[in-house]
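Shown here: coords.csv, CSV, C-alpha atoms.
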```
chain,number,residue,atom,x,y,z
H,1,MET,CA,17.1,21.3,-16.3
H,2,ALA,CA,15.7,17.8,-16.7
H,3,ASP,CA,12.2,17.1,-15.4
H,4,PRO,CA,12.3,15.1,-12.1
H,5,ASN,CA,11.9,11.4,-12.7
H,6,GLY,CA,12.0,8.7,-10.0
H,7,ILE,CA,10.4,7.3,-6.9
H,8,LEU,CA,10.0,9.4,-3.7
H,9,LEU,CA,9.2,7.9,-0.3
H,10,VAL,CA,7.2,10.2,1.9
H,11,ASP,CA,6.3,9.9,5.6
H,12,LYS,CA,2.7,11.1,5.6
H,13,PRO,CA,1.5,12.9,8.7
H,14,GLY,CA,-2.0,12.4,10.2
H,15,GLY,CA,-4.9,14.6,9.2
H,16,MET,CA,-4.0,14.7,5.5
H,17,THR,CA,-5.3,12.7,2.5
H,18,SER,CA,-2.9,11.0,0.2
H,19,HIS,CA,-4.0,13.5,-2.5
H,20,ASP,CA,-3.0,16.3,-0.2
H,21,VAL,CA,0.5,14.9,-0.1
H,22,VAL,CA,0.6,14.5,-3.9
H,23,ALA,CA,-0.4,18.2,-4.2
H,24,ARG,CA,2.4,19.2,-1.8
H,25,ALA,CA,4.9,17.2,-3.8
H,26,ARG,CA,3.8,18.8,-7.1
H,27,ARG,CA,4.5,22.2,-5.7
H,28,ALA,CA,7.8,21.2,-4.1
H,29,LEU,CA,9.1,19.5,-7.3
H,30,GLY,CA,7.6,21.7,-9.9
H,31,THR,CA,5.8,19.0,-11.8
H,32,ARG,CA,2.2,17.8,-12.1
H,33,LYS,CA,3.1,14.3,-13.2
H,34,ILE,CA,3.0,12.6,-9.8
H,35,GLY,CA,1.0,9.6,-8.7
H,36,HIS,CA,1.0,7.3,-5.6
H,37,ALA,CA,1.1,3.6,-5.0
H,38,GLY,CA,-1.7,3.0,-2.5
H,39,THR,CA,-3.6,5.5,-0.4
H,40,LEU,CA,-3.5,6.0,3.4
H,41,ASP,CA,-6.6,7.2,5.3
H,42,PRO,CA,-6.4,10.8,6.7
H,43,MET,CA,-6.0,9.4,10.3
H,44,ALA,CA,-3.1,7.1,9.2
H,45,THR,CA,0.5,8.1,9.1
H,46,GLY,CA,3.5,6.5,7.5
H,47,LEU,CA,4.9,5.4,4.2
H,48,LEU,CA,3.5,6.7,0.9
H,49,VAL,CA,5.3,5.9,-2.3
H,50,LEU,CA,5.1,8.5,-5.0
H,51,GLY,CA,6.1,8.1,-8.7
H,52,ILE,CA,7.5,11.2,-10.3
H,53,GLY,CA,7.6,11.9,-14.0
H,54,GLY,CA,8.1,8.8,-16.2
H,55,ALA,CA,8.5,6.7,-13.0
H,56,THR,CA,4.7,6.9,-12.6
H,57,ARG,CA,4.7,3.9,-15.0
H,58,LEU,CA,6.3,1.8,-12.2
H,59,LEU,CA,3.5,2.4,-9.8
H,60,THR,CA,1.4,-0.5,-11.1
H,61,TYR,CA,4.2,-2.9,-10.0
H,62,LEU,CA,4.5,-1.3,-6.5
H,63,VAL,CA,0.8,-1.3,-5.6
H,64,GLY,CA,0.6,-5.0,-5.1
H,65,LEU,CA,3.6,-5.3,-2.7
H,66,ASP,CA,3.1,-6.6,0.8
H,67,LYS,CA,3.0,-4.1,3.6
H,68,THR,CA,3.7,-3.7,7.4
H,69,TYR,CA,1.6,-1.6,9.7
H,70,THR,CA,1.7,-0.8,13.4
H,71,ALA,CA,-1.7,0.0,14.9
H,72,THR,CA,-3.7,0.3,18.0
H,73,VAL,CA,-7.0,-1.7,18.2
H,74,ARG,CA,-9.5,-0.5,20.8
H,75,LEU,CA,-11.7,-3.4,22.1
H,76,GLY,CA,-15.0,-2.6,23.8
H,77,GLN,CA,-16.3,-0.1,21.3
H,78,SER,CA,-17.6,-0.4,17.7
H,79,THR,CA,-17.9,2.4,15.2
H,80,ASP,CA,-19.7,2.8,11.9
H,81,SER,CA,-16.4,3.2,10.0
H,82,ASP,CA,-14.4,0.6,12.0
H,83,ASP,CA,-12.0,3.4,13.0
H,84,ALA,CA,-11.8,6.4,15.3
H,85,ASP,CA,-13.1,8.8,12.6
H,86,GLY,CA,-16.6,7.2,12.9
H,87,GLN,CA,-19.4,7.4,15.3
H,88,ILE,CA,-19.6,4.9,18.2
H,89,THR,CA,-22.4,2.4,17.5
H,90,ALA,CA,-22.0,0.0,20.5
H,91,ARG,CA,-20.2,-0.3,23.8
H,92,ALA,CA,-19.4,-3.6,25.5
H,93,ALA,CA,-20.6,-4.3,29.1
H,94,ALA,CA,-17.8,-4.1,31.7
H,95,SER,CA,-18.4,-7.8,32.5
H,96,ALA,CA,-17.9,-8.8,28.8
H,97,LEU,CA,-14.7,-6.8,28.6
H,98,ALA,CA,-13.4,-8.3,31.9
H,99,ALA,CA,-13.8,-11.7,30.3
H,100,VAL,CA,-11.3,-10.8,27.5
H,101,THR,CA,-8.2,-12.6,28.7
H,102,ASP,CA,-4.8,-12.7,27.1
H,103,ASP,CA,-5.5,-16.3,26.0
H,104,ARG,CA,-8.7,-15.3,24.3
H,105,ILE,CA,-7.0,-12.4,22.5
H,106,ALA,CA,-4.2,-14.7,21.4
H,107,ALA,CA,-6.8,-17.2,20.0
H,108,GLY,CA,-8.6,-14.4,18.2
H,109,VAL,CA,-5.4,-13.1,16.7
H,110,ALA,CA,-4.4,-16.6,15.6
H,111,ALA,CA,-7.8,-17.1,13.8
H,112,LEU,CA,-7.1,-13.9,11.8
H,113,THR,CA,-3.6,-14.9,10.8
H,114,GLY,CA,-2.7,-16.7,7.6
H,115,SER,CA,-5.0,-16.8,4.5
H,116,ILE,CA,-8.4,-15.4,5.4
H,117,ALA,CA,-11.5,-14.1,3.7
H,118,GLN,CA,-12.0,-10.4,4.8
H,119,VAL,CA,-15.0,-8.2,4.3
H,120,PRO,CA,-13.7,-4.7,3.8
H,121,SER,CA,-15.0,-1.8,5.9
H,122,ARG,CA,-18.1,-0.1,4.5
H,123,ILE,CA,-16.1,3.1,4.5
H,124,SER,CA,-13.6,2.0,1.9
H,125,ALA,CA,-12.5,3.0,-1.6
H,126,ILE,CA,-13.8,-0.2,-3.2
H,127,LYS,CA,-16.2,0.5,-6.1
H,128,VAL,CA,-19.7,-0.8,-6.1
H,129,ASP,CA,-21.7,-0.2,-9.3
H,130,GLY,CA,-19.2,2.4,-10.3
H,131,ARG,CA,-19.2,4.4,-7.0
H,132,ARG,CA,-16.9,4.3,-4.0
H,133,ALA,CA,-18.2,2.4,-1.0
H,134,TYR,CA,-17.5,5.4,1.3
H,135,ASP,CA,-19.6,7.7,-1.0
H,136,LEU,CA,-22.5,5.3,-0.9
H,137,ALA,CA,-22.2,4.9,2.9
H,138,ARG,CA,-22.2,8.7,3.4
H,139,ASP,CA,-25.4,8.9,1.3
H,140,GLY,CA,-27.1,6.4,3.5
H,141,VAL,CA,-27.0,3.5,1.0
H,142,GLU,CA,-26.5,0.1,2.5
H,143,VAL,CA,-23.5,-1.5,0.9
H,144,ASP,CA,-23.0,-5.3,0.7
H,145,LEU,CA,-19.3,-5.8,0.2
H,146,LYS,CA,-18.0,-9.2,-0.8
H,147,ALA,CA,-15.3,-11.0,1.2
H,148,ARG,CA,-11.8,-10.9,-0.4
H,149,ASP,CA,-8.9,-13.3,0.1
H,150,VAL,CA,-6.0,-11.7,1.9
H,151,ARG,CA,-3.0,-13.0,3.7
H,152,ILE,CA,-1.8,-12.0,7.1
H,153,ALA,CA,1.7,-13.2,7.6
H,154,ARG,CA,2.1,-11.7,11.1
H,155,PHE,CA,-0.5,-10.3,13.5
H,156,GLU,CA,1.3,-9.8,16.8
H,157,VAL,CA,0.2,-8.0,20.0
H,158,LEU,CA,3.0,-5.9,21.3
H,159,ALA,CA,1.3,-4.3,24.4
H,160,THR,CA,-2.1,-3.9,26.1
H,161,HIS,CA,-3.5,-0.9,27.9
H,162,ALA,CA,-6.7,-0.9,29.9
H,163,GLY,CA,-8.8,2.1,30.8
H,164,ASP,CA,-12.0,4.1,30.2
H,165,GLY,CA,-14.1,1.0,29.7
H,166,CYS,CA,-11.9,-0.2,26.8
H,167,LEU,CA,-8.9,-2.4,26.2
H,168,ASP,CA,-6.3,-1.1,23.7
H,169,LEU,CA,-3.9,-3.4,21.9
H,170,ASP,CA,-0.7,-2.2,20.2
H,171,VAL,CA,-0.2,-4.5,17.3
H,172,VAL,CA,2.1,-5.1,14.3
H,173,VAL,CA,0.7,-6.6,11.0
H,174,ASP,CA,2.5,-7.9,8.0
H,175,CYS,CA,0.0,-8.4,5.2
H,176,SER,CA,-0.8,-8.7,1.5
H,177,SER,CA,-1.9,-5.8,-0.5
H,178,GLY,CA,-5.6,-5.1,-0.2
H,179,THR,CA,-5.8,-5.9,3.5
H,180,TYR,CA,-7.9,-3.5,5.6
H,181,ILE,CA,-6.4,-3.1,9.1
H,182,ARG,CA,-9.7,-1.5,10.2
H,183,ALA,CA,-11.4,-4.7,9.3
H,184,LEU,CA,-8.9,-6.7,11.3
H,185,ALA,CA,-9.7,-4.6,14.3
H,186,ARG,CA,-13.5,-5.0,13.8
H,187,ASP,CA,-13.2,-8.7,13.3
H,188,LEU,CA,-11.0,-9.2,16.3
H,189,GLY,CA,-13.5,-7.3,18.5
H,190,ASP,CA,-16.4,-9.4,17.0
H,191,ARG,CA,-14.6,-12.6,17.7
H,192,LEU,CA,-14.1,-11.6,21.3
H,193,GLY,CA,-17.7,-10.5,21.7
H,194,VAL,CA,-16.9,-6.9,22.7
H,195,GLY,CA,-16.6,-5.0,19.4
H,196,GLY,CA,-13.5,-3.2,18.2
H,197,HIS,CA,-12.2,-0.5,16.0
H,198,LEU,CA,-8.9,1.1,15.0
H,199,VAL,CA,-7.6,4.2,16.8
H,200,ALA,CA,-4.1,4.5,15.3
H,201,LEU,CA,-2.4,3.3,12.2
H,202,ARG,CA,1.1,3.7,10.7
H,203,ARG,CA,2.4,2.1,7.6
H,204,THR,CA,6.1,1.3,8.2
H,205,ARG,CA,6.9,-0.7,5.0
H,206,ILE,CA,5.9,-1.3,1.4
H,207,GLY,CA,7.8,-4.3,-0.1
H,208,PRO,CA,11.5,-3.5,0.4
H,209,PHE,CA,11.0,0.1,1.2
H,210,PRO,CA,10.9,1.2,4.9
H,211,VAL,CA,9.4,4.4,6.3
H,212,ALA,CA,12.8,5.1,7.9
H,213,ASP,CA,14.1,6.0,4.4
H,214,ALA,CA,11.1,8.4,3.7
H,215,ALA,CA,11.2,12.2,3.6
H,216,GLY,CA,9.0,14.4,5.7
H,217,LEU,CA,6.6,16.9,4.1
H,218,ASP,CA,9.1,19.8,4.7
H,219,GLU,CA,11.9,17.9,3.0
H,220,LEU,CA,10.2,17.1,-0.3
H,221,ALA,CA,12.0,19.7,-2.4
H,222,GLY,CA,15.5,18.4,-1.5
H,223,ALA,CA,14.7,14.8,-1.1
H,224,PRO,CA,16.6,12.4,-3.3
H,225,LEU,CA,14.6,10.4,-5.9
H,226,ARG,CA,15.2,6.7,-6.3
H,227,SER,CA,16.0,5.9,-9.9
H,228,PRO,CA,13.6,3.9,-11.9
H,229,ALA,CA,16.3,1.2,-12.5
H,230,ASP,CA,17.1,0.9,-8.8
H,231,THR,CA,13.5,0.8,-7.8
H,232,ALA,CA,12.5,-1.9,-10.4
H,233,ALA,CA,15.6,-4.0,-9.5
H,234,ALA,CA,14.5,-3.9,-5.8
H,235,ILE,CA,11.1,-5.5,-6.5
H,236,MET,CA,11.8,-7.9,-9.4
H,237,PRO,CA,14.8,-9.7,-11.0
H,238,ALA,CA,17.1,-7.4,-13.1
H,239,VAL,CA,18.6,-8.3,-16.4
H,240,ARG,CA,21.3,-6.4,-18.3
H,241,ALA,CA,20.7,-5.7,-22.0
H,242,ASP,CA,23.3,-4.7,-24.6
H,243,ALA,CA,22.8,-1.6,-26.7
H,244,ALA,CA,21.2,-3.5,-29.6
H,245,THR,CA,18.8,-5.4,-27.4
H,246,ALA,CA,17.9,-2.3,-25.5
H,247,ARG,CA,17.1,-0.5,-28.8
H,248,ASP,CA,14.9,-3.4,-30.0
H,249,LEU,CA,13.0,-3.5,-26.7
H,250,ARG,CA,12.4,0.2,-26.8
H,251,HIS,CA,11.0,-0.2,-30.4
H,252,GLY,CA,8.6,-2.9,-29.2
H,253,LYS,CA,10.5,-5.9,-30.7
H,254,ARG,CA,10.8,-9.3,-29.2
H,255,VAL,CA,14.2,-10.5,-28.3
H,256,THR,CA,15.9,-13.8,-27.4
H,257,ALA,CA,19.1,-12.5,-25.7
H,258,LEU,CA,17.8,-12.1,-22.2
H,259,ASP,CA,17.6,-14.7,-19.5
H,260,PHE,CA,15.9,-14.3,-16.1
H,261,THR,CA,14.0,-16.2,-13.4
H,262,GLY,CA,10.4,-15.5,-12.7
H,263,PRO,CA,7.4,-14.1,-14.7
H,264,ARG,CA,9.0,-10.7,-15.3
H,265,ALA,CA,12.2,-8.7,-15.0
H,266,ALA,CA,13.6,-5.2,-15.0
H,267,ALA,CA,15.6,-4.7,-18.2
H,268,ILE,CA,18.6,-2.3,-17.7
H,269,ASP,CA,20.5,-0.8,-20.5
H,270,PRO,CA,24.4,-0.5,-20.6
H,271,ASP,CA,24.2,3.0,-19.1
H,272,GLY,CA,22.2,1.7,-16.1
H,273,ARG,CA,18.9,3.2,-17.2
H,274,LEU,CA,15.6,1.3,-17.0
H,275,ILE,CA,14.4,0.2,-20.4
H,276,GLY,CA,11.2,-1.2,-19.0
H,277,VAL,CA,9.6,-4.3,-17.6
H,278,VAL,CA,9.9,-7.4,-19.7
H,279,GLU,CA,8.0,-10.7,-19.7
H,280,ARG,CA,8.4,-14.0,-21.6
H,281,ARG,CA,6.5,-14.8,-24.7
H,282,GLY,CA,7.4,-18.4,-25.4
H,283,ASP,CA,11.1,-18.6,-26.0
H,284,GLN,CA,11.3,-14.8,-26.6
H,285,VAL,CA,11.1,-11.7,-24.3
H,286,LYS,CA,9.0,-8.6,-24.9
H,287,SER,CA,8.8,-5.3,-23.0
H,288,VAL,CA,5.3,-4.9,-21.4
H,289,MET,CA,6.1,-1.5,-20.0
H,290,ASN,CA,8.6,0.8,-21.6
H,291,MET,CA,10.1,3.8,-19.7
H,292,PRO,CA,10.5,7.2,-21.5
H,293,GLU,CA,14.1,7.2,-22.6
H,294,GLU,CA,16.3,9.1,-20.1
H,295,PRO,CA,19.3,11.1,-21.2
H,296,ALA,CA,22.5,9.2,-20.8
```
Taking this structure as input, can you express it in the form of structure tokens?
Amino acid sequence: MADPNGILLVDKPGGMTSHDVVARARRALGTRKIGHAGTLDPMATGLLVLGIGGATRLLTYLVGLDKTYTATVRLGQSTDSDDADGQITARAAASALAAVTDDRIAAGVAALTGSIAQVPSRISAIKVDGRRAYDLARDGVEVDLKARDVRIARFEVLATHAGDGCLDLDVVVDCSSGTYIRALARDLGDRLGVGGHLVALRRTRIGPFPVADAAGLDELAGAPLRSPADTAAAIMPAVRADAATARDLRHGKRVTALDFTGPRAAAIDPDGRLIGVVERRGDQVKSVMNMPEEPA
């Protein structure tokens, strides 16, 4: 029986790390060669993309895809982690919260839409001098994280709920890779002068892949894997190679017989298998990532 090879979409439940999900998938599929394209915090739910077997080589091209999240932002309280897993560090006065109108919320959301510079949460996986920011924060080390350019294509308030000295906003966010939704919640609260943090987060899309197509944890063993060829063709142009060209690409040779639009393409052999990812080198094309050759 051939080793599993492909892309698996998983709907991660809350309370688990992304590594926990990978461990479950390894047991369910009987292989250790599994990686993921972008973590989710334990409190978060939703889409996690796993690469199985040789398809782990595709993960580098999936990590940078844009994403969609639904979330709940709580205005009126700040936490040390910018989410509900942290300790409350400040509470807004009732008068300040009462002054947060729909128009002010809309203005704050608009200011955080488009291309923005975002300072990540201090409880993040960004490395500072070789250590994760969250490890430094837990050790009591003050971390000065630099702002990063991100793009928020959509930041929309779907509903509001008042109660217990807070105002909760249900939102949906379309954003570039590397965006921290916790930081959006924090920054919106700061703009409104009442503080804010994230109390719920669900990732519903990564690139062309929706969470509706994902398997639950109890379905991993029987879940269908997306083929490397279909996955690559969904995120970049695809180009067909004849048998001779496919052989040359697999042997690391440059070829001239392929034509495609854009910086890179998925090269597919005559049997529908993914040869790899190719890029232009002047008037020639070279494979920059070769897949292990699958049986026909």
### Message
Using only C-alpha atoms, which protein or nucleic acid residues come within 7 Å of Phe260 (chain H)? Drop anything in the same chain fewer than 2 positions from it, and give the result as a PyMOL selection string.
### Response
chain H and resi 237+239+258+262+265
Per residue of region 27-145 of chain H within 12 Å of region 163-166 of chain H, what are the shortest atom pair and its distance in Å to one decimal, counting only C-alpha atoms, with rows by chain and residue number, as CSV?
```
residue,atom,partner,partner_atom,distance
H:Val73,CA,H:Cys166,CA,10.0
H:Arg74,CA,H:Cys166,CA,6.5
H:Leu75,CA,H:Cys166,CA,5.7
H:Gly76,CA,H:Cys166,CA,4.9
H:Gln77,CA,H:Cys166,CA,7.0
H:Ser78,CA,H:Cys166,CA,10.7
H:Ala90,CA,H:Cys166,CA,11.9
H:Arg91,CA,H:Gly165,CA,8.6
H:Ala92,CA,H:Gly165,CA,8.2
H:Ala93,CA,H:Gly165,CA,8.4
H:Ala94,CA,H:Gly165,CA,6.6
H:Ser95,CA,H:Gly165,CA,10.2
H:Ala96,CA,H:Gly165,CA,10.5
H:Leu97,CA,H:Cys166,CA,7.4
H:Ala98,CA,H:Gly165,CA,9.6
H:Val100,CA,H:Cys166,CA,10.6
```
## Note on the structure
Using only C-alpha atoms, the residue out of H:Leu188, H:Val21, H:His197, H:Ala244 with shortest distance to Gln87 (chain H) is H:His197
Fewer than 2 positions away in the same chain doesn't count, so skip those; otherwise give me all residues within 9 Å of region 218-224 of chain H, counting all atoms listed in the file, as a PDB file with C-alpha atoms, keeping the file's coordinate frame.
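Final file, part-v5.pdb:
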```
ATOM      1  CA  GLY H   6      12.000   8.700 -10.000  1.00  0.00           C
ATOM      2  CA  ILE H   7      10.400   7.300  -6.900  1.00  0.00           C
ATOM      3  CA  LEU H   8      10.000   9.400  -3.700  1.00  0.00           C
ATOM      4  CA  LEU H   9       9.200   7.900  -0.300  1.00  0.00           C
ATOM      5  CA  VAL H  10       7.200  10.200   1.900  1.00  0.00           C
ATOM      6  CA  ARG H  24       2.400  19.200  -1.800  1.00  0.00           C
ATOM      7  CA  ALA H  25       4.900  17.200  -3.800  1.00  0.00           C
ATOM      8  CA  ARG H  27       4.500  22.200  -5.700  1.00  0.00           C
ATOM      9  CA  ALA H  28       7.800  21.200  -4.100  1.00  0.00           C
ATOM     10  CA  LEU H  29       9.100  19.500  -7.300  1.00  0.00           C
ATOM     11  CA  GLY H  30       7.600  21.700  -9.900  1.00  0.00           C
ATOM     12  CA  ALA H 214      11.100   8.400   3.700  1.00  0.00           C
ATOM     13  CA  ALA H 215      11.200  12.200   3.600  1.00  0.00           C
ATOM     14  CA  GLY H 216       9.000  14.400   5.700  1.00  0.00           C
ATOM     15  CA  ARG H 226      15.200   6.700  -6.300  1.00  0.00           C
TER      16      ARG H 226
END
```
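Interatomic distance, CA of Val288 (chain H) to CA of Tyr61 (chain H): 11.6 Å.
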### Task
Could you please determine the separation between CA of Arg151 (chain H) and CA of Ala71 (chain H) in Å, to one decimal place?
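About the pair CA of Arg151 (chain H) and CA of Ala71 (chain H): they are 17.2 Å apart.
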### Task
Take CA of Ala44 (chain H) and CA of Asp230 (chain H) and report the distance between them in Å, one decimal.
27.8 Å
### Summary
One residue among H:Arg191, H:Lys286, H:Arg273, H:Arg281 is nearest to His251 (chain H) when using only C-alpha atoms, and that residue is H:Lys286
#### Entry: Given only C-alpha atoms as the counted atoms, nearest of H:Val171, H:Leu217, H:Glu279, H:Val194 to Thr89 (chain H)
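Closest residue, counting only C-alpha atoms: H:Val194.
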### Task
Could you please give me, as number ranges by chain, the residues of protein, DNA or RNA lying at most 6 Å from (-6.8, -9.5, -0.6) in the coordinate frame of the file, considering all atoms listed in the file?
H: 148-150, 178-179
For C-alpha atoms, I'd like the residues from the last selection saved as an mmCIF file, keeping the file's coordinate frame.
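For reference, selection10.cif as written:
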```cif
data_model
loop_
_atom_site.group_PDB
_atom_site.id
_atom_site.type_symbol
_atom_site.label_atom_id
_atom_site.label_comp_id
_atom_site.auth_asym_id
_atom_site.auth_seq_id
_atom_site.Cartn_x
_atom_site.Cartn_y
_atom_site.Cartn_z
ATOM 1 C CA ARG H 148 -11.800 -10.900 -0.400
ATOM 2 C CA ASP H 149 -8.900 -13.300 0.100
ATOM 3 C CA VAL H 150 -6.000 -11.700 1.900
ATOM 4 C CA GLY H 178 -5.600 -5.100 -0.200
ATOM 5 C CA THR H 179 -5.800 -5.900 3.500
#
```
### Message
Taking 2 positions as the minimum chain separation for residues in the same chain, which residues sit within 8 Å of Arg240 (chain H) when counting all atoms listed in the file? Answer as a list in words.
### Response
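Within the cut-off, the hits are Ala238, Asp242, Leu258, Ala267, Ile268, Asp269 and Pro270 of chain H.
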### Query
Given the choices H:Ala159, H:Met43, H:Ile235, H:Ala117, which gets closest to Arg202 (chain H) if the distance is worked out from all atoms listed in the file?
H:Met43
### Residue nearest Ala185 (chain H) - candidates H:Ile116, H:Gly252, H:Ile152, H:Val109, atoms counted: only C-alpha atoms
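Counting only C-alpha atoms, the residue closest to Ala185 (chain H) is H:Val109.
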#### Entry: Radius query 6 Å about (7.5, 5.8, -17.0), atoms used: all atoms listed in the file, as a PyMOL selection string
chain H and resi 54-57+291-292
### Query
Do you know which residues are at most 10 Å from Gly14 (chain H) counting all atoms listed in the file, after dropping those on the same chain fewer than 3 positions away, and could you put them as a list in words?
Asp11, Thr17, Leu40, Asp41, Pro42, Met43, Ala44, Thr45, Gly46, Ala200, Leu201 and Arg202 of chain H
### Selected residue, from H:Asp103, H:Asp271, H:Asp259, H:Asp187, that lies nearest to Ala243 (chain H) when counting all atoms listed in the file
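Looking at the shortest contact to Ala243 (chain H), the residue is H:Asp271.
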